[in-house]
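Heads up, structure.pdb below (PDB, C-alpha atoms, pLDDT in the B column):
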ATOM      1  CA  ASP A   5      17.621   5.351 -10.016  1.00 33.00           C
ATOM      2  CA  ILE A   6      15.734   5.528  -6.747  1.00 39.00           C
ATOM      3  CA  GLY A   7      13.580   8.642  -6.596  1.00 41.00           C
ATOM      4  CA  VAL A   8      12.908  10.132  -3.177  1.00 43.00           C
ATOM      5  CA  THR A   9      10.590  12.990  -2.358  1.00 45.00           C
ATOM      6  CA  GLY A  10      10.563  14.293   1.199  1.00 44.00           C
ATOM      7  CA  VAL A  11       7.563  16.238   2.436  1.00 45.00           C
ATOM      8  CA  GLN A  12       7.612  17.939   5.835  1.00 41.00           C
ATOM      9  CA  THR A  13       4.291  18.068   7.711  1.00 45.00           C
ATOM     10  CA  CYS A  14       3.585  18.414  11.432  1.00 49.00           C
ATOM     11  CA  ALA A  15       7.281  18.019  12.298  1.00 54.00           C
ATOM     12  CA  LEU A  16       7.196  14.436  10.961  1.00 62.00           C
ATOM     13  CA  PRO A  17       9.105  13.639   7.771  1.00 70.00           C
ATOM     14  CA  ILE A  18       7.176  11.832   5.060  1.00 74.00           C
ATOM     15  CA  PHE A  19       9.177  10.145   2.330  1.00 72.00           C
ATOM     16  CA  ILE A  20       7.700   9.004  -0.934  1.00 74.00           C
ATOM     17  CA  LEU A  21      10.057   6.538  -2.578  1.00 77.00           C
ATOM     18  CA  TYR A  22       9.939   5.557  -6.238  1.00 75.00           C
ATOM     19  CA  ASN A  23      11.414   2.609  -8.131  1.00 79.00           C
ATOM     20  CA  ILE A  24      11.496   0.358  -5.082  1.00 84.00           C
ATOM     21  CA  ASP A  25      11.236  -3.373  -5.693  1.00 89.00           C
ATOM     22  CA  ALA A  26       8.224  -4.149  -3.498  1.00 90.00           C
ATOM     23  CA  THR A  27       9.336  -7.752  -3.101  1.00 93.00           C
ATOM     24  CA  ARG A  28      12.836  -6.715  -1.956  1.00 92.00           C
ATOM     25  CA  ILE A  29      12.272  -3.451  -0.079  1.00 91.00           C
ATOM     26  CA  HIS A  30      15.180  -3.712   2.378  1.00 88.00           C
ATOM     27  CA  GLU A  31      17.638  -4.705  -0.358  1.00 88.00           C
ATOM     28  CA  THR A  32      16.449  -1.965  -2.735  1.00 87.00           C
ATOM     29  CA  LEU A  33      16.716   0.681  -0.022  1.00 84.00           C
ATOM     30  CA  SER A  34      20.226  -0.495   0.876  1.00 81.00           C
ATOM     31  CA  LEU A  35      21.345  -0.287  -2.752  1.00 78.00           C
ATOM     32  CA  SER A  36      20.022   3.266  -2.959  1.00 73.00           C
ATOM     33  CA  GLY A  37      22.060   4.349   0.057  1.00 73.00           C
ATOM     34  CA  ASN A  38      18.881   5.132   1.979  1.00 71.00           C
ATOM     35  CA  THR A  39      19.534   5.090   5.720  1.00 68.00           C
ATOM     36  CA  GLN A  40      15.868   4.771   6.715  1.00 72.00           C
ATOM     37  CA  LYS A  41      15.640   1.437   8.568  1.00 79.00           C
ATOM     38  CA  GLU A  42      12.024   1.359   9.739  1.00 87.00           C
ATOM     39  CA  PHE A  43       8.749   2.739   8.456  1.00 88.00           C
ATOM     40  CA  HIS A  44       5.451   3.357  10.212  1.00 89.00           C
ATOM     41  CA  ARG A  45       3.370   3.201   7.031  1.00 89.00           C
ATOM     42  CA  ILE A  46       3.995   1.514   3.711  1.00 91.00           C
ATOM     43  CA  CYS A  47       1.505   2.032   0.887  1.00 88.00           C
ATOM     44  CA  TRP A  48       1.336   0.229  -2.427  1.00 87.00           C
ATOM     45  CA  ASN A  49      -1.182   1.368  -4.977  1.00 83.00           C
ATOM     46  CA  PHE A  50      -2.632  -1.325  -7.201  1.00 82.00           C
ATOM     47  CA  PRO A  51      -0.058  -4.135  -7.101  1.00 84.00           C
ATOM     48  CA  CYS A  52      -0.067  -6.029 -10.356  1.00 81.00           C
ATOM     49  CA  ALA A  53       2.535  -8.163 -12.092  1.00 79.00           C
ATOM     50  CA  ALA A  54       3.707  -6.838 -15.445  1.00 72.00           C
ATOM     51  CA  ILE A  55       2.236  -9.348 -17.871  1.00 69.00           C
ATOM     52  CA  ALA A  56       3.692  -9.350 -21.393  1.00 68.00           C
ATOM     53  CA  LYS A  57       0.366  -8.977 -23.212  1.00 64.00           C
ATOM     54  CA  GLY A  58      -0.733  -6.069 -21.027  1.00 55.00           C
ATOM     55  CA  GLN A  59      -3.684  -7.941 -19.526  1.00 59.00           C
ATOM     56  CA  ASP A  60      -2.400  -7.535 -16.001  1.00 57.00           C
ATOM     57  CA  GLY A  61      -4.731  -8.554 -13.210  1.00 56.00           C
ATOM     58  CA  GLN A  62      -6.861 -10.943 -15.204  1.00 66.00           C
ATOM     59  CA  ASN A  63      -7.823 -14.433 -14.048  1.00 71.00           C
ATOM     60  CA  LYS A  64      -5.084 -16.087 -16.084  1.00 75.00           C
ATOM     61  CA  GLU A  65      -2.417 -14.182 -14.138  1.00 81.00           C
ATOM     62  CA  MET A  66      -4.168 -14.361 -10.768  1.00 86.00           C
ATOM     63  CA  GLU A  67      -1.661 -16.696  -9.080  1.00 89.00           C
ATOM     64  CA  GLU A  68       1.281 -14.583 -10.227  1.00 88.00           C
ATOM     65  CA  ASN A  69      -0.417 -11.505  -8.781  1.00 88.00           C
ATOM     66  CA  LYS A  70      -1.243 -13.290  -5.515  1.00 91.00           C
ATOM     67  CA  ASN A  71       2.423 -14.268  -5.163  1.00 92.00           C
ATOM     68  CA  LEU A  72       3.390 -10.661  -5.811  1.00 92.00           C
ATOM     69  CA  VAL A  73       1.168  -9.546  -2.904  1.00 93.00           C
ATOM     70  CA  ARG A  74       2.503 -12.307  -0.605  1.00 94.00           C
ATOM     71  CA  ASN A  75       6.098 -11.341  -1.394  1.00 93.00           C
ATOM     72  CA  PHE A  76       5.324  -7.657  -0.842  1.00 94.00           C
ATOM     73  CA  VAL A  77       3.901  -8.349   2.619  1.00 94.00           C
ATOM     74  CA  LYS A  78       6.917 -10.461   3.603  1.00 92.00           C
ATOM     75  CA  SER A  79       9.266  -7.764   2.325  1.00 92.00           C
ATOM     76  CA  ALA A  80       7.354  -4.870   3.902  1.00 92.00           C
ATOM     77  CA  LYS A  81       7.229  -6.556   7.303  1.00 90.00           C
ATOM     78  CA  SER A  82      11.034  -6.557   7.345  1.00 88.00           C
ATOM     79  CA  VAL A  83      11.097  -2.743   7.339  1.00 90.00           C
ATOM     80  CA  LEU A  84       7.977  -1.945   9.376  1.00 90.00           C
ATOM     81  CA  THR A  85       8.587  -0.541  12.836  1.00 89.00           C
ATOM     82  CA  LYS A  86       9.107  -3.336  15.367  1.00 84.00           C
ATOM     83  CA  ARG A  87       6.955  -1.597  18.003  1.00 86.00           C
ATOM     84  CA  GLY A  88       3.762  -3.016  16.519  1.00 83.00           C
ATOM     85  CA  ASP A  89       2.502   0.359  15.307  1.00 87.00           C
ATOM     86  CA  GLY A  90       3.372  -0.129  11.636  1.00 89.00           C
ATOM     87  CA  GLU A  91       0.719  -0.337   8.948  1.00 92.00           C
ATOM     88  CA  LEU A  92       0.538  -1.617   5.382  1.00 92.00           C
ATOM     89  CA  TYR A  93      -1.903  -0.119   2.910  1.00 91.00           C
ATOM     90  CA  ILE A  94      -2.694  -1.854  -0.353  1.00 91.00           C
ATOM     91  CA  CYS A  95      -4.955   0.004  -2.766  1.00 88.00           C
ATOM     92  CA  HIS A  96      -6.781  -2.442  -4.976  1.00 87.00           C
ATOM     93  CA  LYS A  97      -9.814  -2.656  -7.211  1.00 83.00           C
ATOM     94  CA  THR A  98     -12.773  -4.548  -5.777  1.00 84.00           C
ATOM     95  CA  LYS A  99     -14.614  -5.357  -9.012  1.00 84.00           C
ATOM     96  CA  PRO A 100     -14.241  -8.627 -10.975  1.00 84.00           C
ATOM     97  CA  PRO A 101     -11.788 -10.134 -11.659  1.00 81.00           C
ATOM     98  CA  TYR A 102      -9.782  -8.298  -8.974  1.00 82.00           C
ATOM     99  CA  ASP A 103     -12.154  -9.239  -6.160  1.00 87.00           C
ATOM    100  CA  GLN A 104     -11.300 -12.885  -6.891  1.00 87.00           C
ATOM    101  CA  TRP A 105      -7.737 -12.315  -5.678  1.00 87.00           C
ATOM    102  CA  ASN A 106      -9.028 -12.389  -2.071  1.00 91.00           C
ATOM    103  CA  ILE A 107      -6.279  -9.888  -1.378  1.00 91.00           C
ATOM    104  CA  VAL A 108      -6.807  -9.753   2.400  1.00 93.00           C
ATOM    105  CA  ASP A 109      -6.499 -13.531   2.778  1.00 94.00           C
ATOM    106  CA  VAL A 110      -3.523 -13.597   0.421  1.00 93.00           C
ATOM    107  CA  ALA A 111      -1.725 -10.810   2.290  1.00 92.00           C
ATOM    108  CA  LEU A 112      -2.280 -12.380   5.696  1.00 92.00           C
ATOM    109  CA  SER A 113      -1.392 -15.877   4.460  1.00 89.00           C
ATOM    110  CA  SER A 114       2.214 -14.761   3.965  1.00 77.00           C
ATOM    111  CA  GLN A 115       2.594 -14.844   7.759  1.00 79.00           C
ATOM    112  CA  LEU A 116       1.414 -18.429   8.093  1.00 69.00           C
ATOM    113  CA  SER A 117       4.429 -19.837   6.264  1.00 57.00           C
ATOM    114  CA  ASN A 118       6.643 -18.279   8.948  1.00 50.00           C
ATOM    115  CA  SER A 119       4.862 -19.938  11.889  1.00 49.00           C
ATOM    116  CA  GLU A 120       7.605 -22.550  12.267  1.00 46.00           C
ATOM    117  CA  ASN A 121      10.283 -19.856  12.465  1.00 47.00           C
ATOM    118  CA  ASN A 122       9.749 -18.273  15.907  1.00 46.00           C
ATOM    119  CA  THR A 123      12.735 -15.955  15.474  1.00 43.00           C
ATOM    120  CA  GLN A 124      11.182 -14.264  12.480  1.00 45.00           C
ATOM    121  CA  LEU A 125       7.832 -13.973  14.234  1.00 44.00           C
ATOM    122  CA  SER A 126       9.370 -12.274  17.265  1.00 46.00           C
ATOM    123  CA  SER A 127      11.234  -9.747  15.111  1.00 56.00           C
ATOM    124  CA  SER A 128       8.268  -8.956  12.857  1.00 63.00           C
ATOM    125  CA  PRO A 129       4.899  -7.936  14.269  1.00 67.00           C
ATOM    126  CA  LEU A 130       1.908  -9.954  13.147  1.00 80.00           C
ATOM    127  CA  LEU A 131      -0.416  -8.194  10.769  1.00 88.00           C
ATOM    128  CA  PHE A 132      -4.187  -8.160  10.914  1.00 90.00           C
ATOM    129  CA  TYR A 133      -6.905  -6.748   8.681  1.00 92.00           C
ATOM    130  CA  ALA A 134      -8.164  -3.433  10.067  1.00 92.00           C
ATOM    131  CA  GLY A 135     -10.684  -2.521   7.389  1.00 91.00           C
ATOM    132  CA  ARG A 136     -11.265  -1.046   3.993  1.00 90.00           C
ATOM    133  CA  ILE A 137     -11.697   2.523   2.783  1.00 87.00           C
ATOM    134  CA  VAL A 138     -12.336   3.968  -0.660  1.00 86.00           C
ATOM    135  CA  LEU A 139      -9.416   5.740  -2.330  1.00 81.00           C
ATOM    136  CA  ASP A 140     -10.704   9.002  -3.742  1.00 83.00           C
ATOM    137  CA  ARG A 141      -8.019   9.837  -6.243  1.00 77.00           C
ATOM    138  CA  SER A 142      -9.439  13.356  -6.663  1.00 82.00           C
ATOM    139  CA  LEU A 143      -7.926  14.063  -3.235  1.00 80.00           C
ATOM    140  CA  LEU A 144      -4.464  13.206  -4.591  1.00 76.00           C
ATOM    141  CA  PRO A 145      -3.920  15.410  -7.637  1.00 77.00           C
ATOM    142  CA  PRO A 146      -2.172  14.743 -10.001  1.00 78.00           C
ATOM    143  CA  TYR A 147      -2.266  11.000  -9.107  1.00 75.00           C
ATOM    144  CA  ILE A 148      -3.330   8.747 -11.989  1.00 77.00           C
ATOM    145  CA  PRO A 149      -3.338   4.945 -11.632  1.00 75.00           C
ATOM    146  CA  ARG A 150      -1.538   3.357 -14.567  1.00 74.00           C
ATOM    147  CA  LYS A 151      -1.278  -0.157 -15.940  1.00 70.00           C
ATOM    148  CA  ALA A 152       1.994  -2.010 -15.441  1.00 65.00           C
ATOM    149  CA  LEU A 153       3.137  -2.154 -19.063  1.00 67.00           C
ATOM    150  CA  ASP A 154       1.158   0.056 -21.399  1.00 69.00           C
ATOM    151  CA  ARG A 155       0.921   2.933 -18.874  1.00 71.00           C
ATOM    152  CA  LYS A 156      -2.750   3.506 -19.748  1.00 74.00           C
ATOM    153  CA  SER A 157      -4.889   4.900 -16.972  1.00 74.00           C
ATOM    154  CA  PHE A 158      -7.756   2.952 -15.404  1.00 70.00           C
ATOM    155  CA  PRO A 159     -10.734   4.025 -13.276  1.00 65.00           C
TER
END
Turn this file's structure into structure tokens for me.
Amino acid sequence: DIGVTGVQTCALPIFILYNIDATRIHETLSLSGNTQKEFHRICWNFPCAAIAKGQDGQNKEMEENKNLVRNFVKSAKSVLTKRGDGELYICHKTKPPYDQWNIVDVALSSQLSNSENNTQLSSSPLLFYAGRIVLDRSLLPPYIPRKALDRKSFP
């Protein structure tokens, strides 16, 4: 099941999509019958691999989580607008051990592996780090961040 919520604001449609495989966005959207081909903004709140023991995000699983972020960026670039005005937002904790992910470097490093493939570079805009803001979840009721497996909330 792919859940879709459409919200109309300022004559621009906003779609919130659920149950999308962040590492295979284009494929997941195609399977759902979604006709949206390009997006201006893609947001992913707290990417974290589902680790069997529920200790997602810890140092032991850091490489798996870094690969998850790299694969998300590669996947998201395939559906970002090709005009260079697309943006990716990744909400992430900045306290240990999460700060050790070096999430900005990891996200941008996914582009480096494509440097030999000029065709892919010309069809996907290069990303750059524009800055960091604090997510105030009180502005997004009833949003509650949840862990990958045990569904417990976290601050």
| task | Would you list the residues near (-5.5, 3.8, 1.0), meaning any protein, DNA or RNA residue with an atom at most 9 Å from that point in file coordinates, counting all atoms listed in the file, as a ChimeraX atom specification? | result | /A:47-49,93-96,136-140
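For the atom pair formed by atom CA of A:Tyr102 and atom CA of A:Lys151, the distance is 13.7 Å, given to one decimal.
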| remark: One residue among A:Leu33, A:Val73, A:Ser142, A:Val108 is nearest to A:Phe50 when using only C-alpha atoms, and that residue is A:Val73
Need the shell around A:Ile148: protein/DNA/RNA residues with any atom at most 10 Å away, counting only C-alpha atoms. Skip same-chain ones fewer than 5 positions apart. Format as a PDB file with C-alpha atoms, in the coordinates of the input?
ATOM      1  CA  ARG A 141      -8.019   9.837  -6.243  1.00 77.00           C
ATOM      2  CA  SER A 142      -9.439  13.356  -6.663  1.00 82.00           C
ATOM      3  CA  ARG A 155       0.921   2.933 -18.874  1.00 71.00           C
ATOM      4  CA  LYS A 156      -2.750   3.506 -19.748  1.00 74.00           C
ATOM      5  CA  SER A 157      -4.889   4.900 -16.972  1.00 74.00           C
ATOM      6  CA  PHE A 158      -7.756   2.952 -15.404  1.00 70.00           C
ATOM      7  CA  PRO A 159     -10.734   4.025 -13.276  1.00 65.00           C
TER       8      PRO A 159
END
| message | Please list as a ChimeraX atom specification every residue within 6 Å of A:Thr27, counting all atoms listed in the file and excluding residues in the same chain fewer than 5 positions away. | response | /A:75-76,79
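Atom CA of A:Lys64 to atom CA of A:Arg28 spans 24.7 Å [interatomic distance, one decimal].
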| For A:Pro100, which of A:Leu143, A:Met66, A:Ala80, A:Ala26 is the closest residue, counting only C-alpha atoms? |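 Looking at the shortest contact to A:Pro100, the residue is A:Met66.
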Result set, the PyMOL selection byres ((chain A and resi 101) around 12) on current file, as a compact mmCIF listing (two decimals) with C-alpha atoms, in the coordinates of the input:
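This is the output file result09.txt:
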# COMPACT_ATOMS: atom_id res chain seq x y z
CA GLN A 59 -3.68 -7.94 -19.53
CA ASP A 60 -2.40 -7.54 -16.00
CA GLY A 61 -4.73 -8.55 -13.21
CA GLN A 62 -6.86 -10.94 -15.20
CA ASN A 63 -7.82 -14.43 -14.05
CA LYS A 64 -5.08 -16.09 -16.08
CA GLU A 65 -2.42 -14.18 -14.14
CA MET A 66 -4.17 -14.36 -10.77
CA ASN A 69 -0.42 -11.50 -8.78
CA HIS A 96 -6.78 -2.44 -4.98
CA LYS A 97 -9.81 -2.66 -7.21
CA THR A 98 -12.77 -4.55 -5.78
CA LYS A 99 -14.61 -5.36 -9.01
CA PRO A 100 -14.24 -8.63 -10.98
CA TYR A 102 -9.78 -8.30 -8.97
CA ASP A 103 -12.15 -9.24 -6.16
CA GLN A 104 -11.30 -12.88 -6.89
CA TRP A 105 -7.74 -12.32 -5.68
CA ASN A 106 -9.03 -12.39 -2.07
CA ILE A 107 -6.28 -9.89 -1.38
| said: Selection in question (the file shown): the PyMOL selection byres ((chain A and resi 85) around 9). Which residues does it include, as a count of residues only? | reply: 17
| task | Take atom CA of A:Ile29 and atom CA of A:Phe132 and report the distance between them in Å, one decimal. | result | 20.3 Å
Edge lengths and centre, in Å to one decimal, as lines of an AutoDock Vina configuration file: that's what I need for the box along x, y and z that holds all listed atoms of stretch 80-84 of chain A plus 5 Å on each side.
center_x = 9.2
center_y = -4.3
center_z = 6.6
size_x = 13.9
size_y = 14.6
size_z = 15.5
| said: Restricting the calculation to all atoms listed in the file: of A:Leu72, A:Ser114, A:Phe19, A:Pro149, which residue gets closest to A:Ile46? | reply: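 The closest residue to A:Ile46 is A:Phe19.
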| field | Counting all atoms listed in the file, the residue of A:Asn71, A:Lys78, A:Thr32, A:Asn38 that sits nearest A:Pro51 | value |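 For A:Pro51, the nearest of the candidates is A:Asn71.
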